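Trainee: Okay, so here is final.pdb, and as you'll see once you scroll down, it has PDB, C-alpha atoms.
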ATOM      1  CA  MET A   1     -13.078  47.324 -43.815
ATOM      2  CA  THR A   2     -14.184  43.824 -44.817
ATOM      3  CA  SER A   3     -16.942  43.798 -47.425
ATOM      4  CA  ARG A   4     -19.939  41.499 -47.156
ATOM      5  CA  ARG A   5     -18.661  39.444 -50.073
ATOM      6  CA  GLU A   6     -15.203  39.083 -48.498
ATOM      7  CA  PHE A   7     -16.812  38.082 -45.203
ATOM      8  CA  LEU A   8     -18.941  35.411 -46.875
ATOM      9  CA  LYS A   9     -15.964  33.936 -48.680
ATOM     10  CA  THR A  10     -13.838  33.954 -45.522
ATOM     11  CA  SER A  11     -16.581  32.381 -43.421
ATOM     12  CA  SER A  12     -17.107  29.695 -46.080
ATOM     13  CA  ILE A  13     -13.455  28.716 -45.817
ATOM     14  CA  PHE A  14     -13.528  28.837 -42.009
ATOM     15  CA  CYS A  15     -16.569  26.577 -41.746
ATOM     16  CA  ALA A  16     -15.523  24.080 -44.403
ATOM     17  CA  GLY A  17     -13.493  22.015 -41.982
ATOM     18  CA  ALA A  18     -16.781  20.660 -40.623
ATOM     19  CA  LEU A  19     -17.977  19.735 -44.095
ATOM     20  CA  VAL A  20     -17.662  15.979 -43.848
ATOM     21  CA  ALA A  21     -16.211  14.812 -40.553
ATOM     22  CA  PRO A  22     -13.860  15.977 -37.763
ATOM     23  CA  GLN A  23     -11.062  13.745 -39.034
ATOM     24  CA  LEU A  24     -11.076  15.699 -42.281
ATOM     25  CA  LEU A  25     -10.313  19.093 -40.713
ATOM     26  CA  SER A  26      -7.108  19.140 -42.721
ATOM     27  CA  CYS A  27      -9.002  18.568 -45.974
ATOM     28  CA  ILE A  28      -7.523  20.064 -49.095
ATOM     29  CA  ALA A  29      -8.483  23.568 -50.127
ATOM     30  CA  GLU A  30     -10.824  22.559 -52.912
ATOM     31  CA  LYS A  31     -13.483  21.511 -50.403
ATOM     32  CA  HIS A  32     -13.739  25.060 -49.128
ATOM     33  CA  TYR A  33     -15.747  26.256 -52.084
ATOM     34  CA  ILE A  34     -19.511  26.437 -52.518
ATOM     35  CA  GLY A  35     -20.036  26.232 -56.261
ATOM     36  CA  LEU A  36     -22.831  26.892 -58.711
ATOM     37  CA  GLN A  37     -23.389  25.271 -62.092
ATOM     38  CA  LEU A  38     -24.244  28.297 -64.229
ATOM     39  CA  TYR A  39     -26.820  26.309 -66.198
ATOM     40  CA  THR A  40     -29.136  27.113 -63.287
ATOM     41  CA  VAL A  41     -29.040  30.822 -64.228
ATOM     42  CA  ARG A  42     -28.616  30.274 -67.966
ATOM     43  CA  ASP A  43     -31.279  32.785 -69.019
ATOM     44  CA  TYR A  44     -29.581  35.537 -67.032
ATOM     45  CA  MET A  45     -26.179  34.497 -68.397
ATOM     46  CA  GLU A  46     -27.429  34.894 -71.952
ATOM     47  CA  LYS A  47     -28.768  38.394 -71.288
ATOM     48  CA  ASP A  48     -25.982  39.821 -69.116
ATOM     49  CA  PRO A  49     -23.199  37.437 -68.044
ATOM     50  CA  ALA A  50     -21.221  40.109 -66.155
ATOM     51  CA  ALA A  51     -24.180  41.134 -63.998
ATOM     52  CA  THR A  52     -25.110  37.493 -63.440
ATOM     53  CA  MET A  53     -21.642  36.532 -62.242
ATOM     54  CA  ALA A  54     -21.656  39.517 -59.876
ATOM     55  CA  LYS A  55     -25.033  38.454 -58.465
ATOM     56  CA  VAL A  56     -23.859  34.868 -57.984
ATOM     57  CA  ALA A  57     -20.816  36.115 -56.058
ATOM     58  CA  ASP A  58     -22.929  38.506 -53.985
ATOM     59  CA  ILE A  59     -25.096  35.607 -52.843
ATOM     60  CA  GLY A  60     -21.925  34.010 -51.539
ATOM     61  CA  TYR A  61     -20.854  31.432 -54.111
ATOM     62  CA  THR A  62     -17.099  31.144 -54.400
ATOM     63  CA  SER A  63     -16.807  28.978 -57.506
ATOM     64  CA  VAL A  64     -18.758  28.267 -60.665
ATOM     65  CA  GLU A  65     -19.000  25.546 -63.257
ATOM     66  CA  GLY A  66     -19.638  26.779 -66.762
ATOM     67  CA  THR A  67     -20.459  25.365 -70.165
ATOM     68  CA  TYR A  68     -18.212  25.541 -73.207
ATOM     69  CA  ALA A  69     -19.008  25.478 -76.908
ATOM     70  CA  ALA A  70     -17.284  26.788 -80.031
ATOM     71  CA  GLY A  71     -14.581  28.630 -78.116
ATOM     72  CA  LYS A  72     -16.878  30.414 -75.665
ATOM     73  CA  TYR A  73     -17.856  30.025 -72.031
ATOM     74  CA  ASN A  74     -21.582  30.666 -71.533
ATOM     75  CA  THR A  75     -21.632  33.090 -74.521
ATOM     76  CA  ALA A  76     -18.495  34.953 -73.332
ATOM     77  CA  SER A  77     -15.040  34.783 -74.887
ATOM     78  CA  VAL A  78     -12.201  33.204 -72.931
ATOM     79  CA  ALA A  79     -10.739  36.638 -72.118
ATOM     80  CA  GLU A  80     -14.122  38.057 -71.103
ATOM     81  CA  PHE A  81     -14.894  35.100 -68.888
ATOM     82  CA  LYS A  82     -11.510  35.238 -67.160
ATOM     83  CA  LYS A  83     -12.091  38.921 -66.461
ATOM     84  CA  MET A  84     -15.520  38.278 -64.946
ATOM     85  CA  LEU A  85     -14.130  35.560 -62.710
ATOM     86  CA  LYS A  86     -11.361  37.819 -61.457
ATOM     87  CA  GLN A  87     -13.635  40.813 -60.907
ATOM     88  CA  ASN A  88     -15.939  38.754 -58.711
ATOM     89  CA  GLY A  89     -13.370  36.735 -56.789
ATOM     90  CA  LEU A  90     -14.608  33.487 -58.346
ATOM     91  CA  ILE A  91     -12.808  30.436 -59.633
ATOM     92  CA  MET A  92     -14.017  28.003 -62.273
ATOM     93  CA  PRO A  93     -12.429  24.638 -61.486
ATOM     94  CA  SER A  94     -14.736  22.711 -63.811
ATOM     95  CA  CYS A  95     -16.688  23.162 -67.031
ATOM     96  CA  HIS A  96     -19.173  21.139 -69.067
ATOM     97  CA  TYR A  97     -18.693  19.921 -72.644
ATOM     98  CA  ARG A  98     -20.712  17.902 -75.122
ATOM     99  CA  LEU A  99     -19.605  14.715 -76.837
ATOM    100  CA  GLY A 100     -20.309  16.081 -80.309
ATOM    101  CA  GLU A 101     -21.418  12.835 -81.927
ATOM    102  CA  GLU A 102     -24.883  14.228 -82.570
ATOM    103  CA  GLN A 103     -24.691  16.486 -85.588
ATOM    104  CA  VAL A 104     -26.304  19.901 -85.838
ATOM    105  CA  ASN A 105     -27.303  21.046 -89.322
ATOM    106  CA  GLY A 106     -25.248  18.210 -90.757
ATOM    107  CA  GLN A 107     -22.069  19.185 -88.927
ATOM    108  CA  THR A 108     -20.250  18.058 -85.801
ATOM    109  CA  PRO A 109     -20.443  20.905 -83.270
ATOM    110  CA  ALA A 110     -17.128  22.616 -82.537
ATOM    111  CA  GLY A 111     -15.619  22.707 -79.087
ATOM    112  CA  THR A 112     -16.725  19.178 -78.299
ATOM    113  CA  ILE A 113     -14.902  16.000 -77.364
ATOM    114  CA  LEU A 114     -15.016  14.776 -80.955
ATOM    115  CA  ASN A 115     -14.340  18.094 -82.689
ATOM    116  CA  GLY A 116     -11.907  20.704 -81.478
ATOM    117  CA  TRP A 117     -10.960  19.058 -78.197
ATOM    118  CA  GLU A 118      -7.362  20.280 -78.456
ATOM    119  CA  LYS A 119      -8.537  23.907 -78.558
ATOM    120  CA  ALA A 120     -10.985  23.251 -75.727
ATOM    121  CA  VAL A 121      -8.131  21.910 -73.576
ATOM    122  CA  GLU A 122      -6.001  24.957 -74.404
ATOM    123  CA  ASP A 123      -8.826  27.295 -73.356
ATOM    124  CA  ALA A 124      -9.442  25.303 -70.171
ATOM    125  CA  ALA A 125      -5.789  25.621 -69.225
ATOM    126  CA  GLU A 126      -5.924  29.364 -69.943
ATOM    127  CA  VAL A 127      -8.879  29.812 -67.592
ATOM    128  CA  GLY A 128      -7.245  27.662 -64.916
ATOM    129  CA  GLN A 129      -9.633  24.732 -64.925
ATOM    130  CA  LYS A 130      -8.809  21.492 -63.174
ATOM    131  CA  TYR A 131     -11.648  19.447 -64.682
ATOM    132  CA  MET A 132     -13.342  19.044 -68.073
ATOM    133  CA  VAL A 133     -16.647  17.181 -67.911
ATOM    134  CA  CYS A 134     -18.715  15.404 -70.545
ATOM    135  CA  ALA A 135     -22.048  16.850 -69.478
ATOM    136  CA  TYR A 136     -24.635  14.772 -71.291
ATOM    137  CA  LEU A 137     -25.285  12.207 -73.975
ATOM    138  CA  SER A 138     -28.216  12.931 -76.251
ATOM    139  CA  GLU A 139     -30.525  10.014 -76.966
ATOM    140  CA  SER A 140     -28.849   9.383 -80.314
ATOM    141  CA  GLU A 141     -25.424   9.260 -78.646
ATOM    142  CA  ARG A 142     -26.255   6.492 -76.172
ATOM    143  CA  GLY A 143     -26.943   3.265 -78.020
ATOM    144  CA  ASN A 144     -26.153  -0.252 -76.846
ATOM    145  CA  LEU A 145     -23.438  -1.509 -74.538
ATOM    146  CA  ASP A 146     -20.946  -1.868 -77.373
ATOM    147  CA  HIS A 147     -21.450   1.787 -78.167
ATOM    148  CA  TYR A 148     -20.834   2.704 -74.535
ATOM    149  CA  LYS A 149     -17.558   0.786 -74.776
ATOM    150  CA  LYS A 150     -16.619   2.885 -77.808
ATOM    151  CA  LEU A 151     -17.520   5.999 -75.842
ATOM    152  CA  ALA A 152     -15.253   4.768 -73.053
ATOM    153  CA  ASP A 153     -12.400   4.638 -75.571
ATOM    154  CA  GLU A 154     -13.145   8.207 -76.660
ATOM    155  CA  PHE A 155     -13.241   9.338 -73.039
ATOM    156  CA  ASN A 156      -9.861   7.709 -72.405
ATOM    157  CA  LYS A 157      -8.403   9.600 -75.356
ATOM    158  CA  ALA A 158      -9.975  12.864 -74.221
ATOM    159  CA  GLY A 159      -8.701  12.257 -70.706
ATOM    160  CA  GLU A 160      -5.191  11.530 -71.917
ATOM    161  CA  LEU A 161      -5.042  14.791 -73.864
ATOM    162  CA  ALA A 162      -6.475  16.785 -70.959
ATOM    163  CA  LYS A 163      -4.000  15.175 -68.553
ATOM    164  CA  LYS A 164      -1.092  16.578 -70.585
ATOM    165  CA  SER A 165      -2.280  20.038 -69.535
ATOM    166  CA  GLY A 166      -2.800  19.000 -65.930
ATOM    167  CA  ILE A 167      -6.578  18.692 -66.307
ATOM    168  CA  GLN A 168      -8.772  15.774 -65.218
ATOM    169  CA  PHE A 169     -11.519  14.504 -67.527
ATOM    170  CA  CYS A 170     -14.844  13.467 -65.952
ATOM    171  CA  TYR A 171     -18.243  12.157 -66.973
ATOM    172  CA  HIS A 172     -21.514  13.546 -65.558
ATOM    173  CA  ASN A 173     -24.368  11.098 -65.097
ATOM    174  CA  HIS A 174     -28.114  11.384 -65.501
ATOM    175  CA  ASP A 175     -30.527   8.491 -64.923
ATOM    176  CA  PHE A 176     -30.481   6.809 -68.328
ATOM    177  CA  GLU A 177     -27.093   5.222 -67.529
ATOM    178  CA  PHE A 178     -28.901   3.147 -64.905
ATOM    179  CA  VAL A 179     -31.382   1.527 -67.278
ATOM    180  CA  GLN A 180     -30.171  -2.026 -67.673
ATOM    181  CA  GLN A 181     -29.146  -3.474 -71.011
ATOM    182  CA  GLU A 182     -28.372  -7.192 -71.182
ATOM    183  CA  GLY A 183     -28.345  -7.251 -67.406
ATOM    184  CA  LYS A 184     -25.797  -4.448 -67.087
ATOM    185  CA  TYR A 185     -25.909  -0.747 -66.383
ATOM    186  CA  PRO A 186     -24.256   1.445 -69.024
ATOM    187  CA  TYR A 187     -22.761   3.416 -66.117
ATOM    188  CA  ASP A 188     -20.919   0.299 -64.917
ATOM    189  CA  VAL A 189     -19.700  -0.291 -68.465
ATOM    190  CA  LEU A 190     -18.254   3.224 -68.561
ATOM    191  CA  LEU A 191     -16.597   2.737 -65.169
ATOM    192  CA  ALA A 192     -15.138  -0.636 -66.142
ATOM    193  CA  ASN A 193     -13.873   0.392 -69.577
ATOM    194  CA  THR A 194     -12.276   3.716 -68.737
ATOM    195  CA  ASP A 195      -8.903   4.244 -67.111
ATOM    196  CA  LYS A 196      -9.603   5.333 -63.529
ATOM    197  CA  ASN A 197      -6.739   7.812 -63.729
ATOM    198  CA  LEU A 198      -7.857   9.360 -67.007
ATOM    199  CA  VAL A 199     -11.633   9.341 -66.515
ATOM    200  CA  LYS A 200     -13.340  10.188 -63.258
ATOM    201  CA  MET A 201     -16.971  10.972 -62.504
ATOM    202  CA  GLU A 202     -19.054  13.976 -61.604
ATOM    203  CA  MET A 203     -21.883  12.478 -59.595
ATOM    204  CA  ASP A 204     -25.246  14.176 -59.909
ATOM    205  CA  LEU A 205     -26.833  13.217 -56.608
ATOM    206  CA  TYR A 206     -30.345  13.952 -57.844
ATOM    207  CA  TRP A 207     -30.138  11.743 -60.921
ATOM    208  CA  VAL A 208     -28.447   8.888 -59.059
ATOM    209  CA  THR A 209     -31.184   9.023 -56.425
ATOM    210  CA  ARG A 210     -33.931   9.356 -59.056
ATOM    211  CA  ALA A 211     -32.556   6.216 -60.722
ATOM    212  CA  GLY A 212     -32.934   4.288 -57.463
ATOM    213  CA  GLN A 213     -29.193   3.996 -56.872
ATOM    214  CA  ASP A 214     -27.214   4.513 -53.668
ATOM    215  CA  PRO A 215     -24.459   7.149 -54.011
ATOM    216  CA  ILE A 216     -22.563   5.739 -51.038
ATOM    217  CA  ALA A 217     -22.542   2.229 -52.510
ATOM    218  CA  LEU A 218     -21.079   3.664 -55.707
ATOM    219  CA  PHE A 219     -18.388   5.469 -53.709
ATOM    220  CA  ASP A 220     -17.516   2.278 -51.842
ATOM    221  CA  ALA A 221     -17.300   0.274 -55.065
ATOM    222  CA  ASN A 222     -15.227   2.926 -56.854
ATOM    223  CA  PRO A 223     -13.227   4.823 -54.211
ATOM    224  CA  GLY A 224     -11.616   8.047 -55.314
ATOM    225  CA  ARG A 225     -13.496   8.103 -58.603
ATOM    226  CA  PHE A 226     -15.916  10.975 -57.803
ATOM    227  CA  PRO A 227     -14.052  14.291 -57.391
ATOM    228  CA  LEU A 228     -17.034  16.402 -58.486
ATOM    229  CA  TRP A 229     -20.638  16.387 -57.244
ATOM    230  CA  HIS A 230     -23.822  18.142 -58.223
ATOM    231  CA  MET A 231     -25.879  19.145 -55.205
ATOM    232  CA  LYS A 232     -29.454  18.965 -56.375
ATOM    233  CA  ASP A 233     -32.420  17.887 -54.252
ATOM    234  CA  MET A 234     -35.500  15.840 -55.169
ATOM    235  CA  ASP A 235     -38.989  17.014 -54.239
ATOM    236  CA  LYS A 236     -40.760  14.737 -51.762
ATOM    237  CA  THR A 237     -43.980  14.542 -53.776
ATOM    238  CA  THR A 238     -43.219  15.166 -57.437
ATOM    239  CA  LYS A 239     -39.637  13.802 -57.477
ATOM    240  CA  GLU A 240     -38.712  16.822 -59.581
ATOM    241  CA  PHE A 241     -35.817  19.212 -58.965
ATOM    242  CA  THR A 242     -35.892  21.371 -55.874
ATOM    243  CA  GLU A 243     -33.545  23.498 -53.799
ATOM    244  CA  VAL A 244     -30.959  21.811 -51.592
ATOM    245  CA  GLY A 245     -32.625  21.152 -48.258
ATOM    246  CA  ARG A 246     -36.218  21.118 -49.502
ATOM    247  CA  GLY A 247     -36.267  17.515 -50.678
ATOM    248  CA  VAL A 248     -35.549  13.940 -49.661
ATOM    249  CA  ILE A 249     -31.811  13.558 -50.282
ATOM    250  CA  ASP A 250     -29.762  13.089 -47.098
ATOM    251  CA  PHE A 251     -26.829  15.344 -47.973
ATOM    252  CA  LYS A 252     -25.252  15.124 -44.520
ATOM    253  CA  LYS A 253     -25.032  11.361 -44.725
ATOM    254  CA  ILE A 254     -23.651  11.453 -48.259
ATOM    255  CA  LEU A 255     -21.126  14.163 -47.369
ATOM    256  CA  SER A 256     -19.823  11.998 -44.541
ATOM    257  CA  HIS A 257     -18.478   9.711 -47.299
ATOM    258  CA  ALA A 258     -16.776  12.498 -49.255
ATOM    259  CA  SER A 259     -13.319  11.160 -48.438
ATOM    260  CA  THR A 260     -14.121   7.731 -49.887
ATOM    261  CA  ALA A 261     -15.580   9.370 -52.984
ATOM    262  CA  GLY A 262     -12.522  11.570 -53.423
ATOM    263  CA  MET A 263     -14.707  14.677 -53.599
ATOM    264  CA  LYS A 264     -12.871  17.934 -54.332
ATOM    265  CA  TYR A 265     -15.625  20.333 -55.437
ATOM    266  CA  PHE A 266     -19.410  20.407 -55.411
ATOM    267  CA  PHE A 267     -21.803  22.574 -57.400
ATOM    268  CA  VAL A 268     -25.411  23.497 -56.741
ATOM    269  CA  GLU A 269     -27.549  22.901 -59.810
ATOM    270  CA  GLU A 270     -31.281  23.163 -60.366
ATOM    271  CA  ASP A 271     -32.279  22.407 -63.945
ATOM    272  CA  LYS A 272     -35.696  24.040 -63.549
ATOM    273  CA  CYS A 273     -36.639  26.483 -60.816
ATOM    274  CA  PRO A 274     -40.213  27.161 -59.683
ATOM    275  CA  GLY A 275     -39.659  30.938 -59.713
ATOM    276  CA  ASP A 276     -36.709  33.278 -59.959
ATOM    277  CA  PRO A 277     -33.504  31.185 -60.186
ATOM    278  CA  TYR A 278     -31.754  33.715 -57.955
ATOM    279  CA  ASP A 279     -34.211  32.872 -55.166
ATOM    280  CA  SER A 280     -33.516  29.177 -55.634
ATOM    281  CA  ILE A 281     -29.734  29.448 -55.632
ATOM    282  CA  LYS A 282     -29.852  31.718 -52.581
ATOM    283  CA  TYR A 283     -31.957  29.183 -50.665
ATOM    284  CA  SER A 284     -29.573  26.356 -51.599
ATOM    285  CA  TYR A 285     -26.541  28.419 -50.650
ATOM    286  CA  ASN A 286     -27.986  29.363 -47.268
ATOM    287  CA  TYR A 287     -28.985  25.776 -46.510
ATOM    288  CA  ILE A 288     -25.525  24.459 -47.338
ATOM    289  CA  GLN A 289     -23.823  27.204 -45.362
ATOM    290  CA  ASN A 290     -26.055  26.933 -42.291
ATOM    291  CA  ASN A 291     -26.837  23.214 -42.197
ATOM    292  CA  LEU A 292     -24.076  21.303 -43.963
ATOM    293  CA  LEU A 293     -20.982  23.363 -43.302
ATOM    294  CA  LYS A 294     -21.692  23.892 -39.637
ATOM    295  CA  GLY A 295     -22.039  20.235 -38.794
TER     296      GLY A 295
END
Could you write out this file's structure as structure tokens?
Mentor:
Amino acid sequence: MTSRREFLKTSSIFCAGALVAPQLLSCIAEKHYIGLQLYTVRDYMEKDPAATMAKVADIGYTSVEGTYAAGKYNTASVAEFKKMLKQNGLIMPSCHYRLGEEQVNGQTPAGTILNGWEKAVEDAAEVGQKYMVCAYLSESERGNLDHYKKLADEFNKAGELAKKSGIQFCYHNHDFEFVQQEGKYPYDVLLANTDKNLVKMEMDLYWVTRAGQDPIALFDANPGRFPLWHMKDMDKTTKEFTEVGRGVIDFKKILSHASTAGMKYFFVEEDKCPGDPYDSIKYSYNYIQNNLLKG
């Protein structure tokens, strides 16, 4: 007998052919997954990661994106995390990392791009990741355009090391990269000064929209550079985070350009939820399944 979870996963794969356009019915398998960035349920992950992963899978999610620091994935060891993924029929194609330039208690944090990246790559390969993503730059890590060029060099190095293990390095945007300096966007500086084969982008659709930018224009200008997306909606009134389908972002239109972007995986993320995060991720999942995957 087919369980509810098995049915949901099978139906997700069946419907995914309609994800972007009829001509993409033969799209590669990665587009069949509905993913969740586990930061959305971070409080639950800290208390009971095993139960949280089971709940995420029960809702219907088929992949997750975690966070890594000091040799652990969301507070779990590599072995523990692999076990939880397997038990719940989940994959983790991507994970978030910090740059590590900002010091904590006078030390560079371990498991970051600038400290312990070799070990991080080894762990990523062990878990079966395909992507390693620089998740965020703290205010002290941003600086001027020359500093962004130095960061681009570091990203190239990180990407080169990851590539040796068959893993793609990416950078995740917020909105501060679209605040002009000397007439240029730091985001454009990162794009221009990184090797397009070593450094790709995880586009956060909320933050790009919040910054007044057009995701499709960015895809057209940098085809194939955006294999990962964050599906996060923007409230019509407050412009704050909301569930996918409750806000102003036209996901159908954006998804119709997935081929140009080079999109392989997308992840629901909601930095702050109005109530129980489980309610929010369930709403987003249902909207994607019923409105975006059924064309």
Trainee: Which is closer to Ala135 (chain A) than all the others in A:Gly66, A:Gly71, A:Gly262, A:Gly106, using all atoms listed in the file?
Mentor: A:Gly66
Trainee: Which is closest to Glu102 (chain A) among A:Asn222, A:Thr75, A:Ser138, A:Thr67, if we use all atoms listed in the file?
Mentor: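 Answer, going by the shortest atom-to-atom distance: A:Ser138.
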Trainee: Mind working out the centre and edge lengths of an axis-aligned box for region 225-238 of chain A, all listed atoms inside, 6 Å added to each side, rounded to one decimal in Å and written as lines of an AutoDock Vina configuration file?
Mentor:
center_x = -28.7
center_y = 13.6
center_z = -55.2
size_x = 42.5
size_y = 23.0
size_z = 18.8
Trainee: Measure the distance from CA of Thr112 (chain A) to CA of Lys83 (chain A) in Å and round it to one decimal.
Mentor: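 CA of Lys83 (chain A) lies at a distance of 23.5 Å from CA of Thr112 (chain A).
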Trainee: Just say which residues the PyMOL selection byres ((chain A and resi 164) around 12) picks in this file, as a ChimeraX atom specification.
Mentor: /A:118,121-122,125,130,157-163,165-169,198
Trainee: Rounded to one decimal in Å, what is the spacing between CA of Asp58 (chain A) and CA of Val41 (chain A)?
Mentor: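 If I compute the distance from CA of Asp58 (chain A) to CA of Val41 (chain A), I get 14.2 Å.
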Trainee: Which is closer to Leu205 (chain A) than all the others in A:Trp117, A:Tyr171, A:Tyr185, A:Trp229, using all atoms listed in the file?
Mentor: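 That would be A:Trp229, the residue with the smallest distance to Leu205 (chain A).
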Trainee: Report the distance between CA of Lys272 (chain A) and CA of Glu139 (chain A) in Å, rounded to one decimal place.
Mentor: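 Separating CA of Lys272 (chain A) from CA of Glu139 (chain A) is a distance of 20.1 Å.
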Trainee: So that I can check the surroundings of Lys149 (chain A), please list as a list of chain:residue names every protein, DNA and RNA residue that reaches within 9 Å of it, counting all atoms listed in the file and ignoring chain neighbours fewer than 5 positions away.
Mentor: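 In the requested form, the answer reads A:Asn144, A:Glu154, A:Pro186, A:Val189, A:Leu190, A:Asn193, A:Thr194.
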Trainee: Need to verify the contact set: region 43-53 of chain A, 10 Å, only C-alpha atoms, exclusion of same-chain residues closer than 6 positions in sequence. Can you return it as a PyMOL selection string?
Mentor: chain A and resi 61+64+73-76+80-81+83-85+87-90+277-278
Trainee: Using all atoms listed in the file, collect all residues at a distance of at most 8 Å from (-42.6, 19.5, -51.6) as written in the file, then present them as a list in words.
Mentor: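 Checked against the point, the hits come out as Asp235, Lys236, Thr237, Thr238, Arg246 and Gly247 of chain A.
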Trainee: Got time to write the residues from that selection, C-alpha atoms, as a PDB file, in the frame of the given file?
Mentor:
ATOM      1  CA  ASP A 235     -38.989  17.014 -54.239  1.00  0.00           C
ATOM      2  CA  LYS A 236     -40.760  14.737 -51.762  1.00  0.00           C
ATOM      3  CA  THR A 237     -43.980  14.542 -53.776  1.00  0.00           C
ATOM      4  CA  THR A 238     -43.219  15.166 -57.437  1.00  0.00           C
ATOM      5  CA  ARG A 246     -36.218  21.118 -49.502  1.00  0.00           C
ATOM      6  CA  GLY A 247     -36.267  17.515 -50.678  1.00  0.00           C
TER       7      GLY A 247
END
Trainee: Looking at only C-alpha atoms, which of A:Thr260, A:Gly60, A:Tyr265, A:Gln103 is the one that sits closest to Tyr283 (chain A)?
Mentor: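 With only C-alpha atoms as the atom set, the closest residue is A:Gly60.
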Trainee: May I ask which of the residues A:Lys119, A:His257, A:Lys282, A:Lys82 is the closest one to Gly245 (chain A), counting only C-alpha atoms?
Mentor: A:Lys282
Trainee: Write out as a PyMOL selection string each polymer residue whose atoms come within 12 Å of Asp204 (chain A), counting only C-alpha atoms; drop sequence neighbours fewer than 6 positions from it.
Mentor: chain A and resi 37+135-136+171-175+177+210-211+213-215+226-234+241+249+266-271
Trainee: When distances are computed from all atoms listed in the file, which of A:Leu151, A:Val244, A:Cys134, A:Leu145 shows the smallest separation from Met203 (chain A)?
Mentor: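 Checking each candidate against Met203 (chain A), we get A:Cys134 as the closest.
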Trainee: Any chance you could resolve the PyMOL selection byres ((chain A and resi 95) around 8) against this file and give the residues as an mmCIF file with C-alpha atoms, in the coordinates of the input?
Mentor:
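Below is the file expr-v9.cif, written as the result:
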data_model
loop_
_atom_site.group_PDB
_atom_site.id
_atom_site.type_symbol
_atom_site.label_atom_id
_atom_site.label_comp_id
_atom_site.auth_asym_id
_atom_site.auth_seq_id
_atom_site.Cartn_x
_atom_site.Cartn_y
_atom_site.Cartn_z
ATOM 1 C CA GLU A 65 -19.000 25.546 -63.257
ATOM 2 C CA GLY A 66 -19.638 26.779 -66.762
ATOM 3 C CA THR A 67 -20.459 25.365 -70.165
ATOM 4 C CA TYR A 68 -18.212 25.541 -73.207
ATOM 5 C CA MET A 92 -14.017 28.003 -62.273
ATOM 6 C CA PRO A 93 -12.429 24.638 -61.486
ATOM 7 C CA SER A 94 -14.736 22.711 -63.811
ATOM 8 C CA HIS A 96 -19.173 21.139 -69.067
ATOM 9 C CA TYR A 97 -18.693 19.921 -72.644
ATOM 10 C CA GLN A 129 -9.633 24.732 -64.925
ATOM 11 C CA TYR A 131 -11.648 19.447 -64.682
ATOM 12 C CA MET A 132 -13.342 19.044 -68.073
ATOM 13 C CA VAL A 133 -16.647 17.181 -67.911
#
Trainee: Since the input lacks some atoms of region 104-116 of chain A, please model N, CA and C atoms and print them as a PDB file, in the frame of the given file.
Mentor:
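Everything below was put into out-v1.pdb:
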ATOM      1  N   VAL A 104     -25.391  18.775 -85.787  1.00  0.00           N
ATOM      2  CA  VAL A 104     -26.304  19.901 -85.838  1.00  0.00           C
ATOM      3  C   VAL A 104     -26.189  20.529 -87.225  1.00  0.00           C
ATOM      4  N   ASN A 105     -27.303  20.539 -87.940  1.00  0.00           N
ATOM      5  CA  ASN A 105     -27.303  21.046 -89.322  1.00  0.00           C
ATOM      6  C   ASN A 105     -26.269  20.335 -90.185  1.00  0.00           C
ATOM      7  N   GLY A 106     -26.141  19.021 -89.941  1.00  0.00           N
ATOM      8  CA  GLY A 106     -25.248  18.210 -90.757  1.00  0.00           C
ATOM      9  C   GLY A 106     -23.784  18.317 -90.401  1.00  0.00           C
ATOM     10  N   GLN A 107     -23.463  19.016 -89.315  1.00  0.00           N
ATOM     11  CA  GLN A 107     -22.069  19.185 -88.927  1.00  0.00           C
ATOM     12  C   GLN A 107     -21.849  18.797 -87.470  1.00  0.00           C
ATOM     13  N   THR A 108     -20.613  18.358 -87.172  1.00  0.00           N
ATOM     14  CA  THR A 108     -20.250  18.058 -85.801  1.00  0.00           C
ATOM     15  C   THR A 108     -19.965  19.365 -85.077  1.00  0.00           C
ATOM     16  N   PRO A 109     -20.654  19.646 -83.986  1.00  0.00           N
ATOM     17  CA  PRO A 109     -20.443  20.905 -83.270  1.00  0.00           C
ATOM     18  C   PRO A 109     -18.994  21.091 -82.827  1.00  0.00           C
ATOM     19  N   ALA A 110     -18.497  22.308 -82.948  1.00  0.00           N
ATOM     20  CA  ALA A 110     -17.128  22.616 -82.537  1.00  0.00           C
ATOM     21  C   ALA A 110     -17.040  22.773 -81.027  1.00  0.00           C
ATOM     22  N   GLY A 111     -15.835  22.571 -80.522  1.00  0.00           N
ATOM     23  CA  GLY A 111     -15.619  22.707 -79.087  1.00  0.00           C
ATOM     24  C   GLY A 111     -16.150  21.537 -78.295  1.00  0.00           C
ATOM     25  N   THR A 112     -16.220  20.385 -78.944  1.00  0.00           N
ATOM     26  CA  THR A 112     -16.725  19.178 -78.299  1.00  0.00           C
ATOM     27  C   THR A 112     -15.607  18.138 -78.190  1.00  0.00           C
ATOM     28  N   ILE A 113     -15.901  17.044 -77.550  1.00  0.00           N
ATOM     29  CA  ILE A 113     -14.902  16.000 -77.364  1.00  0.00           C
ATOM     30  C   ILE A 113     -14.446  15.431 -78.703  1.00  0.00           C
ATOM     31  N   LEU A 114     -15.348  15.364 -79.664  1.00  0.00           N
ATOM     32  CA  LEU A 114     -15.016  14.776 -80.955  1.00  0.00           C
ATOM     33  C   LEU A 114     -14.635  15.797 -82.015  1.00  0.00           C
ATOM     34  N   ASN A 115     -14.692  17.071 -81.706  1.00  0.00           N
ATOM     35  CA  ASN A 115     -14.340  18.094 -82.689  1.00  0.00           C
ATOM     36  C   ASN A 115     -13.804  19.343 -81.988  1.00  0.00           C
ATOM     37  N   GLY A 116     -12.513  19.518 -82.079  1.00  0.00           N
ATOM     38  CA  GLY A 116     -11.907  20.704 -81.478  1.00  0.00           C
ATOM     39  C   GLY A 116     -11.530  20.535 -80.020  1.00  0.00           C
TER      40      GLY A 116
END
